[in-house]
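Source file: coords26.tsv; contents: TSV, C-alpha atoms.
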```tsv
chain	number	residue	atom	x	y	z
A	168	ASN	CA	-39.93	1.23	0.04
A	169	PRO	CA	-36.20	0.49	-0.48
A	170	GLN	CA	-35.69	3.58	-2.67
A	171	TYR	CA	-37.16	5.84	0.01
A	172	ASN	CA	-35.02	4.21	2.70
A	173	HIS	CA	-31.91	4.70	0.60
A	174	TYR	CA	-32.55	8.39	-0.04
A	175	LEU	CA	-33.41	8.95	3.63
A	176	PHE	CA	-29.93	7.75	4.64
A	177	GLU	CA	-28.29	9.64	1.74
A	178	SER	CA	-29.96	12.77	3.12
A	179	ILE	CA	-28.51	12.13	6.59
A	180	ALA	CA	-25.08	11.47	5.04
A	181	VAL	CA	-25.10	14.68	2.98
A	182	LEU	CA	-26.07	16.69	6.06
A	183	VAL	CA	-23.24	15.15	8.08
A	184	LYS	CA	-20.78	15.81	5.25
A	185	ALA	CA	-21.90	19.40	4.64
A	186	VAL	CA	-21.80	20.40	8.32
A	187	CYS	CA	-18.98	18.32	9.84
A	188	SER	CA	-16.51	18.87	7.01
A	189	LYS	CA	-16.70	22.60	7.90
A	190	ASP	CA	-16.86	22.20	11.70
A	191	ALA	CA	-15.74	18.90	13.24
A	192	ALA	CA	-17.12	19.94	16.64
A	193	GLN	CA	-20.65	19.47	15.24
A	194	THR	CA	-20.20	15.67	15.17
A	195	SER	CA	-21.31	15.53	18.82
A	196	ASN	CA	-24.66	17.14	17.89
A	197	PHE	CA	-25.25	14.57	15.14
A	198	GLU	CA	-24.21	11.74	17.45
A	199	GLY	CA	-26.74	12.95	20.04
A	200	MET	CA	-29.54	12.88	17.45
A	201	LEU	CA	-28.57	9.73	15.57
A	202	PHE	CA	-27.22	7.32	18.18
A	203	PRO	CA	-30.60	6.51	19.83
A	204	PRO	CA	-32.39	5.48	16.58
A	205	PHE	CA	-29.23	3.80	15.28
A	206	GLN	CA	-28.91	1.74	18.47
A	207	THR	CA	-32.54	0.65	18.05
A	208	VAL	CA	-31.82	-0.50	14.47
A	209	LEU	CA	-28.74	-2.47	15.61
A	210	GLN	CA	-30.45	-4.02	18.67
A	211	MET	CA	-33.47	-5.08	16.60
A	212	ASP	CA	-31.13	-6.25	13.81
A	213	VAL	CA	-33.11	-4.53	11.04
A	214	ALA	CA	-31.25	-6.12	8.11
A	215	GLU	CA	-32.27	-3.49	5.51
A	216	PHE	CA	-30.98	-0.61	7.67
A	217	THR	CA	-27.83	-1.96	9.34
A	218	PRO	CA	-25.47	-1.38	6.35
A	219	TYR	CA	-26.67	2.24	6.17
A	220	VAL	CA	-26.18	2.74	9.91
A	221	PHE	CA	-22.62	1.34	9.76
A	222	GLN	CA	-21.72	3.73	6.93
A	223	VAL	CA	-23.07	6.85	8.66
A	224	LEU	CA	-21.40	5.82	11.94
A	225	ALA	CA	-18.09	5.48	10.04
A	226	GLN	CA	-18.60	8.91	8.49
A	227	LEU	CA	-19.31	10.50	11.90
A	228	LEU	CA	-16.35	8.75	13.50
A	229	GLU	CA	-13.98	10.02	10.79
A	230	TYR	CA	-15.22	13.59	11.27
A	231	ARG	CA	-14.69	13.49	15.05
A	232	PRO	CA	-12.20	16.19	16.11
A	233	THR	CA	-8.55	15.11	16.05
A	234	GLY	CA	-7.45	13.95	19.48
A	235	ALA	CA	-11.01	13.23	20.66
A	236	GLY	CA	-10.35	9.48	20.51
A	237	LEU	CA	-13.22	7.01	20.23
A	238	GLY	CA	-15.35	8.21	23.13
A	239	ALA	CA	-17.62	6.09	25.34
A	240	ALA	CA	-20.41	5.44	22.80
A	241	TYR	CA	-18.11	4.17	20.04
A	242	THR	CA	-16.04	2.16	22.52
A	243	ALA	CA	-19.21	0.41	23.73
A	244	LEU	CA	-20.29	-0.31	20.15
A	245	PHE	CA	-16.98	-1.90	19.16
A	246	PRO	CA	-17.14	-5.38	20.79
A	247	PRO	CA	-20.51	-6.28	19.14
A	248	MET	CA	-18.96	-5.37	15.75
A	249	LEU	CA	-16.58	-8.30	16.16
A	250	THR	CA	-19.47	-10.80	16.30
A	251	PRO	CA	-18.89	-13.36	13.49
A	252	THR	CA	-22.61	-13.57	12.56
A	253	LEU	CA	-22.62	-9.86	11.65
A	254	TRP	CA	-19.87	-10.50	9.10
A	255	GLU	CA	-21.66	-13.51	7.60
A	256	ARG	CA	-24.35	-11.29	6.08
A	257	ARG	CA	-22.87	-10.32	2.70
A	258	GLY	CA	-24.62	-6.94	2.59
A	259	ASN	CA	-22.98	-5.92	5.87
A	260	VAL	CA	-19.38	-6.63	4.88
A	261	PRO	CA	-18.40	-3.48	2.92
A	262	ALA	CA	-20.16	-1.22	5.44
A	263	LEU	CA	-18.67	-3.00	8.46
A	264	THR	CA	-15.21	-2.89	6.86
A	265	ARG	CA	-15.65	0.83	6.31
A	266	LEU	CA	-16.61	1.28	9.97
A	267	MET	CA	-13.70	-0.87	11.17
A	268	GLN	CA	-11.34	1.29	9.08
A	269	ALA	CA	-12.78	4.39	10.75
A	270	TYR	CA	-12.19	2.84	14.19
A	271	LEU	CA	-8.58	2.06	13.30
A	272	GLY	CA	-8.04	5.53	11.89
A	273	LYS	CA	-9.32	7.25	15.02
A	274	GLY	CA	-8.29	4.86	17.79
A	275	ALA	CA	-5.84	2.13	16.73
A	276	GLY	CA	-3.86	2.65	19.94
A	277	GLU	CA	-6.98	2.21	22.10
A	278	ILE	CA	-8.00	-0.92	20.15
A	279	VAL	CA	-4.53	-2.48	20.60
A	280	ALA	CA	-4.49	-1.57	24.30
A	281	GLN	CA	-7.86	-3.35	24.74
A	282	GLY	CA	-6.38	-6.53	23.18
A	283	ARG	CA	-8.72	-6.47	20.16
A	284	LEU	CA	-6.13	-6.69	17.37
A	285	MET	CA	-6.25	-10.49	17.08
A	286	ALA	CA	-10.05	-10.38	16.70
A	287	ILE	CA	-9.70	-7.87	13.81
A	288	LEU	CA	-7.07	-10.09	12.17
A	289	GLY	CA	-9.49	-13.00	12.56
A	290	ILE	CA	-12.06	-10.99	10.58
A	291	PHE	CA	-9.42	-10.31	7.90
A	292	GLN	CA	-8.74	-14.07	7.66
A	293	LYS	CA	-12.45	-14.79	7.28
A	294	LEU	CA	-12.88	-12.13	4.58
A	295	ILE	CA	-9.88	-13.22	2.52
A	296	SER	CA	-11.08	-16.82	2.40
A	297	THR	CA	-13.88	-15.90	-0.03
A	298	ARG	CA	-13.41	-14.29	-3.42
A	299	ALA	CA	-16.52	-12.14	-2.95
A	300	THR	CA	-15.05	-10.44	0.14
A	301	GLU	CA	-11.31	-10.36	-0.64
A	302	GLN	CA	-11.43	-6.67	-1.62
A	303	SER	CA	-12.82	-5.85	1.84
A	304	ALA	CA	-10.09	-8.04	3.39
A	305	PHE	CA	-7.36	-5.94	1.76
A	306	ASP	CA	-9.13	-2.67	2.62
A	307	LEU	CA	-9.06	-3.77	6.26
A	308	LEU	CA	-5.47	-5.04	6.09
A	309	GLY	CA	-4.29	-1.77	4.54
A	310	SER	CA	-5.82	0.19	7.41
A	311	ILE	CA	-4.19	-2.14	9.95
A	312	VAL	CA	-0.73	-1.58	8.42
A	313	LYS	CA	-1.25	2.19	8.22
A	314	THR	CA	-2.51	2.68	11.77
A	315	VAL	CA	-1.36	-0.09	14.13
A	316	PRO	CA	2.06	0.53	15.77
A	317	ALA	CA	4.80	-1.65	14.25
A	318	GLU	CA	5.66	-3.33	17.58
A	319	ALA	CA	2.03	-4.41	18.08
A	320	LEU	CA	1.84	-5.79	14.54
A	321	ALA	CA	5.20	-7.62	14.60
A	322	PRO	CA	4.04	-10.85	16.34
A	323	CYS	CA	1.22	-11.31	13.79
A	324	LEU	CA	3.19	-10.69	10.60
A	325	LYS	CA	4.40	-14.23	9.90
A	326	ASP	CA	0.83	-15.60	10.08
A	327	LEU	CA	-0.45	-12.71	7.93
A	328	PHE	CA	2.11	-13.32	5.20
A	329	GLN	CA	1.43	-17.08	5.28
A	330	ILE	CA	-2.30	-16.46	4.76
A	331	LEU	CA	-1.57	-14.12	1.83
A	332	LEU	CA	0.85	-16.53	0.15
A	333	MET	CA	-1.33	-19.58	0.68
A	334	LYS	CA	-4.19	-17.81	-1.07
A	335	LEU	CA	-1.80	-16.74	-3.86
A	336	GLN	CA	-0.74	-20.37	-4.31
A	337	GLN	CA	-4.32	-21.66	-4.35
A	338	GLY	CA	-5.96	-19.17	-6.70
A	339	LYS	CA	-3.78	-16.68	-8.56
A	340	THR	CA	-6.56	-14.58	-10.13
A	341	PRO	CA	-5.54	-11.26	-11.74
A	342	ARG	CA	-7.55	-9.37	-9.12
A	343	TYR	CA	-5.91	-11.17	-6.20
A	344	VAL	CA	-2.45	-10.59	-7.71
A	345	ARG	CA	-3.28	-6.88	-7.99
A	346	LEU	CA	-4.50	-6.69	-4.39
A	347	VAL	CA	-1.60	-8.61	-2.88
A	348	THR	CA	1.13	-6.76	-4.82
A	349	ASP	CA	-0.43	-3.41	-3.90
A	350	PHE	CA	-0.32	-4.56	-0.28
A	351	PHE	CA	3.36	-5.56	-0.59
A	352	ALA	CA	4.13	-2.09	-2.01
A	353	LEU	CA	2.32	-0.46	0.92
A	354	TYR	CA	4.11	-2.69	3.43
A	355	ILE	CA	7.55	-1.96	1.94
A	356	GLY	CA	6.74	1.76	1.74
A	357	LYS	CA	5.93	1.75	5.47
A	358	PHE	CA	8.55	-0.65	6.84
A	359	GLY	CA	11.27	-0.97	4.16
A	360	SER	CA	12.30	-3.67	1.68
A	361	GLN	CA	14.38	-5.55	4.27
A	362	ALA	CA	11.30	-6.08	6.45
A	363	TYR	CA	9.48	-7.59	3.45
A	364	LEU	CA	12.41	-9.85	2.53
A	365	ASP	CA	12.87	-10.95	6.14
A	366	GLN	CA	9.21	-11.97	6.41
A	367	MET	CA	9.45	-13.92	3.15
A	368	ASP	CA	12.71	-15.60	4.20
A	369	THR	CA	11.05	-16.99	7.34
A	370	MET	CA	8.92	-19.11	5.00
A	371	GLN	CA	11.46	-19.93	2.29
A	372	ASN	CA	14.89	-18.51	1.59
A	373	GLY	CA	14.79	-16.17	-1.43
A	374	LEU	CA	10.97	-16.22	-1.59
A	375	GLY	CA	10.75	-12.41	-1.66
A	376	PHE	CA	12.80	-12.22	-4.87
A	377	MET	CA	10.88	-15.15	-6.36
A	378	ILE	CA	7.52	-13.41	-5.76
A	379	LEU	CA	8.99	-10.22	-7.19
A	380	SER	CA	10.16	-11.82	-10.44
A	381	GLN	CA	7.38	-14.38	-10.98
A	382	VAL	CA	4.27	-12.54	-9.70
A	383	TRP	CA	4.80	-8.86	-8.99
A	384	ILE	CA	6.80	-7.67	-12.04
A	385	PRO	CA	4.64	-9.68	-14.54
A	386	ARG	CA	1.53	-8.04	-13.00
A	387	LEU	CA	3.01	-4.58	-13.73
A	388	VAL	CA	3.47	-5.49	-17.40
A	389	SER	CA	-0.22	-6.13	-18.01
A	390	ASP	CA	-2.03	-4.29	-15.20
A	391	LEU	CA	-0.62	-0.83	-14.47
A	392	PRO	CA	-1.78	0.84	-11.25
A	393	VAL	CA	-2.83	4.50	-11.34
A	394	ARG	CA	-3.31	7.39	-8.90
A	395	ILE	CA	-2.80	6.38	-5.23
A	396	GLU	CA	-2.06	2.71	-6.06
A	397	GLY	CA	0.46	3.88	-8.69
A	398	LYS	CA	2.14	6.22	-6.21
A	399	MET	CA	2.24	3.45	-3.61
A	400	GLN	CA	3.87	1.05	-6.09
A	401	VAL	CA	6.54	3.59	-7.12
A	402	ILE	CA	7.41	4.26	-3.46
A	403	GLY	CA	7.59	0.54	-2.61
A	404	LEU	CA	9.57	-0.37	-5.74
A	405	THR	CA	11.98	2.54	-5.15
A	406	LYS	CA	12.81	1.09	-1.73
A	407	ILE	CA	13.45	-2.30	-3.35
A	408	LEU	CA	15.79	-0.67	-5.90
A	409	CYS	CA	17.67	1.51	-3.42
A	410	GLU	CA	17.64	-0.36	-0.11
A	411	THR	CA	18.33	-3.98	-1.15
A	412	PRO	CA	22.10	-4.52	-1.53
A	413	ARG	CA	21.47	-8.31	-1.57
A	414	MET	CA	19.82	-7.92	-4.95
A	415	LEU	CA	23.03	-6.56	-6.49
A	416	ALA	CA	25.24	-9.41	-5.21
A	417	ASP	CA	24.83	-11.75	-8.22
A	418	ALA	CA	23.80	-11.75	-11.88
A	419	GLN	CA	20.29	-13.09	-11.20
A	420	GLY	CA	19.63	-10.39	-8.59
A	421	GLN	CA	20.95	-7.70	-10.93
A	422	GLN	CA	18.59	-8.93	-13.64
A	423	ILE	CA	15.65	-8.60	-11.21
A	424	TRP	CA	16.90	-5.08	-10.29
A	425	SER	CA	16.76	-4.10	-13.98
A	426	GLN	CA	13.25	-5.55	-14.29
A	427	VAL	CA	12.06	-3.65	-11.20
A	428	LEU	CA	13.44	-0.41	-12.68
A	429	ALA	CA	11.58	-1.06	-15.96
A	430	ALA	CA	8.34	-1.85	-14.09
A	431	THR	CA	8.64	1.38	-12.06
A	432	MET	CA	9.24	3.43	-15.20
A	433	ARG	CA	6.23	1.79	-16.86
A	434	ILE	CA	4.02	3.18	-14.08
A	435	ILE	CA	5.64	6.64	-14.16
A	436	THR	CA	5.43	7.02	-17.97
A	437	ASN	CA	1.82	5.82	-18.17
A	438	PRO	CA	-0.14	8.94	-19.25
A	439	ASN	CA	-3.13	7.83	-17.15
A	440	ALA	CA	-1.12	7.31	-13.95
A	441	HIS	CA	-1.54	10.79	-12.36
A	442	ILE	CA	0.87	9.80	-9.59
A	443	GLY	CA	2.46	13.26	-9.41
A	444	THR	CA	-0.78	14.66	-8.04
A	445	ALA	CA	-0.94	15.63	-4.38
A	446	PHE	CA	-3.87	13.63	-3.03
A	447	SER	CA	-5.94	15.21	-0.30
A	448	ALA	CA	-8.48	13.65	2.04
A	449	GLY	CA	-11.23	15.24	-0.04
A	450	ASP	CA	-10.29	13.37	-3.21
A	451	ASP	CA	-12.51	10.47	-4.16
A	452	ASP	CA	-10.30	7.88	-5.80
A	453	SER	CA	-13.24	5.68	-6.76
A	454	LEU	CA	-15.25	5.93	-9.92
A	455	GLU	CA	-18.32	8.13	-9.86
A	456	MET	CA	-21.01	6.18	-8.07
A	457	GLU	CA	-24.60	6.21	-9.16
A	458	ILE	CA	-26.83	7.22	-6.29
A	459	GLY	CA	-29.60	4.72	-5.74
A	460	TYR	CA	-30.69	1.49	-4.12
A	461	ASP	CA	-28.95	-1.81	-4.85
A	462	ALA	CA	-30.26	-5.04	-3.32
A	463	THR	CA	-26.80	-6.54	-2.68
A	464	PHE	CA	-25.13	-3.61	-0.92
A	465	SER	CA	-26.33	-0.02	-0.95
A	466	ARG	CA	-23.29	2.20	-0.76
A	467	LEU	CA	-24.12	5.71	0.42
A	468	HIS	CA	-22.59	8.12	-2.07
A	469	PHE	CA	-22.30	10.98	0.44
A	470	ALA	CA	-20.80	8.77	3.17
A	471	ALA	CA	-18.17	7.29	0.83
A	472	ARG	CA	-14.71	7.02	2.32
A	473	PRO	CA	-12.42	9.65	0.79
A	474	ALA	CA	-9.26	8.45	-0.93
A	475	GLN	CA	-6.51	7.95	1.66
A	476	ASP	CA	-2.95	8.67	0.54
A	477	PRO	CA	-0.77	6.45	2.76
A	478	PHE	CA	2.30	8.57	1.92
A	479	PRO	CA	1.21	12.23	2.07
A	480	GLU	CA	4.77	13.20	3.06
A	481	VAL	CA	5.98	12.23	-0.46
A	482	GLN	CA	4.89	15.08	-2.70
A	483	ASP	CA	6.04	13.49	-5.97
A	484	ALA	CA	6.93	9.79	-6.05
A	485	SER	CA	8.92	10.00	-9.31
A	486	THR	CA	11.12	12.85	-7.98
A	487	ALA	CA	11.66	10.92	-4.75
A	488	MET	CA	12.69	7.87	-6.82
A	489	VAL	CA	15.25	9.89	-8.83
A	490	GLN	CA	16.78	11.37	-5.67
A	491	SER	CA	17.03	7.93	-4.03
A	492	LEU	CA	18.56	6.39	-7.15
A	493	HIS	CA	21.07	9.23	-7.44
A	494	ARG	CA	22.28	8.56	-3.87
A	495	LEU	CA	22.63	4.86	-4.76
A	496	PHE	CA	24.51	5.60	-8.02
A	497	THR	CA	26.87	7.98	-6.20
A	498	SER	CA	27.74	5.27	-3.67
A	499	GLN	CA	28.93	2.90	-6.45
A	500	PRO	CA	29.92	4.96	-9.53
A	501	GLY	CA	29.86	3.10	-12.85
A	502	LYS	CA	28.01	0.06	-11.53
A	503	PHE	CA	24.49	1.01	-12.61
A	504	PRO	CA	24.56	2.28	-16.26
A	505	PRO	CA	24.76	-1.33	-17.60
A	506	LEU	CA	21.87	-2.40	-15.33
A	507	ILE	CA	19.79	0.60	-16.43
A	508	GLN	CA	20.56	-0.22	-20.06
A	509	ALA	CA	19.57	-3.88	-19.52
A	510	GLY	CA	16.22	-2.87	-18.01
A	511	LEU	CA	15.17	-0.02	-20.29
A	512	HIS	CA	16.81	-0.67	-23.69
A	513	GLU	CA	13.83	-2.58	-25.15
A	514	ASP	CA	11.46	0.39	-24.78
A	515	PRO	CA	12.82	3.76	-25.97
A	516	LYS	CA	9.94	5.51	-24.18
A	517	LEU	CA	11.15	4.18	-20.83
A	518	SER	CA	14.79	5.17	-21.51
A	519	ALA	CA	13.78	8.66	-22.62
A	520	GLY	CA	11.46	9.04	-19.62
A	521	PHE	CA	14.23	7.97	-17.23
A	522	GLU	CA	16.75	10.41	-18.70
A	523	HIS	CA	14.14	13.19	-18.64
A	524	LEU	CA	13.49	12.63	-14.92
A	525	PHE	CA	17.18	13.00	-14.13
A	526	THR	CA	17.53	16.07	-16.34
A	527	GLN	CA	14.49	17.62	-14.69
A	528	ALA	CA	16.00	17.00	-11.24
A	529	GLN	CA	19.36	18.41	-12.47
A	530	LEU	CA	21.11	15.19	-11.52
A	531	ASN	CA	23.46	12.90	-13.46
A	532	ILE	CA	23.30	9.16	-14.01
A	533	ILE	CA	26.72	8.13	-12.68
```
Kindly present the structure from the file in structure tokens form.
Amino acid sequence: NPQYNHYLFESIAVLVKAVCSKDAAQTSNFEGMLFPPFQTVLQMDVAEFTPYVFQVLAQLLEYRPTGAGLGAAYTALFPPMLTPTLWERRGNVPALTRLMQAYLGKGAGEIVAQGRLMAILGIFQKLISTRATEQSAFDLLGSIVKTVPAEALAPCLKDLFQILLMKLQQGKTPRYVRLVTDFFALYIGKFGSQAYLDQMDTMQNGLGFMILSQVWIPRLVSDLPVRIEGKMQVIGLTKILCETPRMLADAQGQQIWSQVLAATMRIITNPNAHIGTAFSAGDDDSLEMEIGYDATFSRLHFAARPAQDPFPEVQDASTAMVQSLHRLFTSQPGKFPPLIQAGLHEDPKLSAGFEHLFTQAQLNII
């Protein structure tokens, strides 16, 4: 009975959530009870149960006490997770991605030390090749960028960016554009705008600015991100505005600067954005999920991955933007009012919002 099976695993997930969210040390008790039957399910390859098992394992792994690492049982389970046939079963993909994200969150250093990063990137490449699994590909890629040390990631970046841009060239669907530009914002937020431009320049000189003006900014006209994605975009775009002197060197670059400013203000002034909120690990950024069985993939409501704010150190992205811009304006007095005017003059709401942010921060537009 699929309904019964679903509610059985929901019951396990709600128990784990209720107990381990209060006392992380209890995860070892759950692991002791659940690992033996879970290992049986995985060894026998019970197709109806494996997605549920992966989700509860991810939930348990995320609740493990900080500093506990992966532990012997999870370490032993990891190599079989990289088996390509596991990822070919469509129903497994979201659950396996969720588990892989949990592994990266708890033990990225251990995974890199074991030489497993290339295998994970191989999974990303497989997932991004199909439209049905591209969301999972970006979920995985986001976790890689957030958790893997920069020096370990550096040798893989050129190939990663080539894969992303090739897919963009082949099939520029609105969803893919949204996913890839959200990733660029995350990447710039973590590593800076110069790192993004350098990666793009290795493929074609000026490609970073071209993507910005022809793909990224147009996306933000018609498809405004909200909540964590909105915050991520504002942080990434702020770094482009404030840390890219190359952009201000000629008239074309200055025009793009003005467009980036307008795009950033569009996100900030959107009444549905909610980017000033402090996101906690307990927030669920997804829509309310209906609890119940679904033949394609049965997501466990109570094992759902909480919203992850990649920039918890930034309390308010719009205030951070104003402070960064003020430092930039102070470094070159008089240069920016015409660029601000060029970007915001067509929409009085954006101009008023921009002035209000500076007034609120008790700073002047120089």
Contacts of Asn437 (chain A) within 12 Å, only C-alpha atoms, excl. fewer than 3 positions in-chain, as a ChimeraX atom specification: /A:387-388,390-394,397-398,430-434,440-443,516-517,520
Between CA of Pro505 (chain A) and CA of Gln482 (chain A), distance in Å (one decimal): 29.8 Å
Interatomic distance, CA of Ala429 (chain A) to CA of Gly510 (chain A) (Å, one decimal): 5.4 Å
Once you count all atoms listed in the file, what closest atom pair and distance in Å to one decimal does each residue of region 411-437 of chain A within 10 Å of region 351-372 of chain A have, with rows by chain and rising residue number, as a tab-separated table?
```
residue	atom	partner	partner_atom	distance
A:Thr411	CA	A:Ser360	CA	6.7
A:Pro412	CA	A:Gln361	CA	9.7
A:Arg413	CA	A:Gln361	CA	9.6
```
Interatomic distance, CA of Thr486 (chain A) to CA of Pro473 (chain A) (Å, one decimal):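 Straight-line distance from CA of Thr486 (chain A) to CA of Pro473 (chain A) works out to 25.3 Å.
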From A:Glu513, A:Glu480, A:Asp212, A:Glu198, residue lying nearest Leu224 (chain A) [only C-alpha atoms]: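 When distances to Leu224 (chain A) are compared using only C-alpha atoms, the smallest one comes from A:Glu198.
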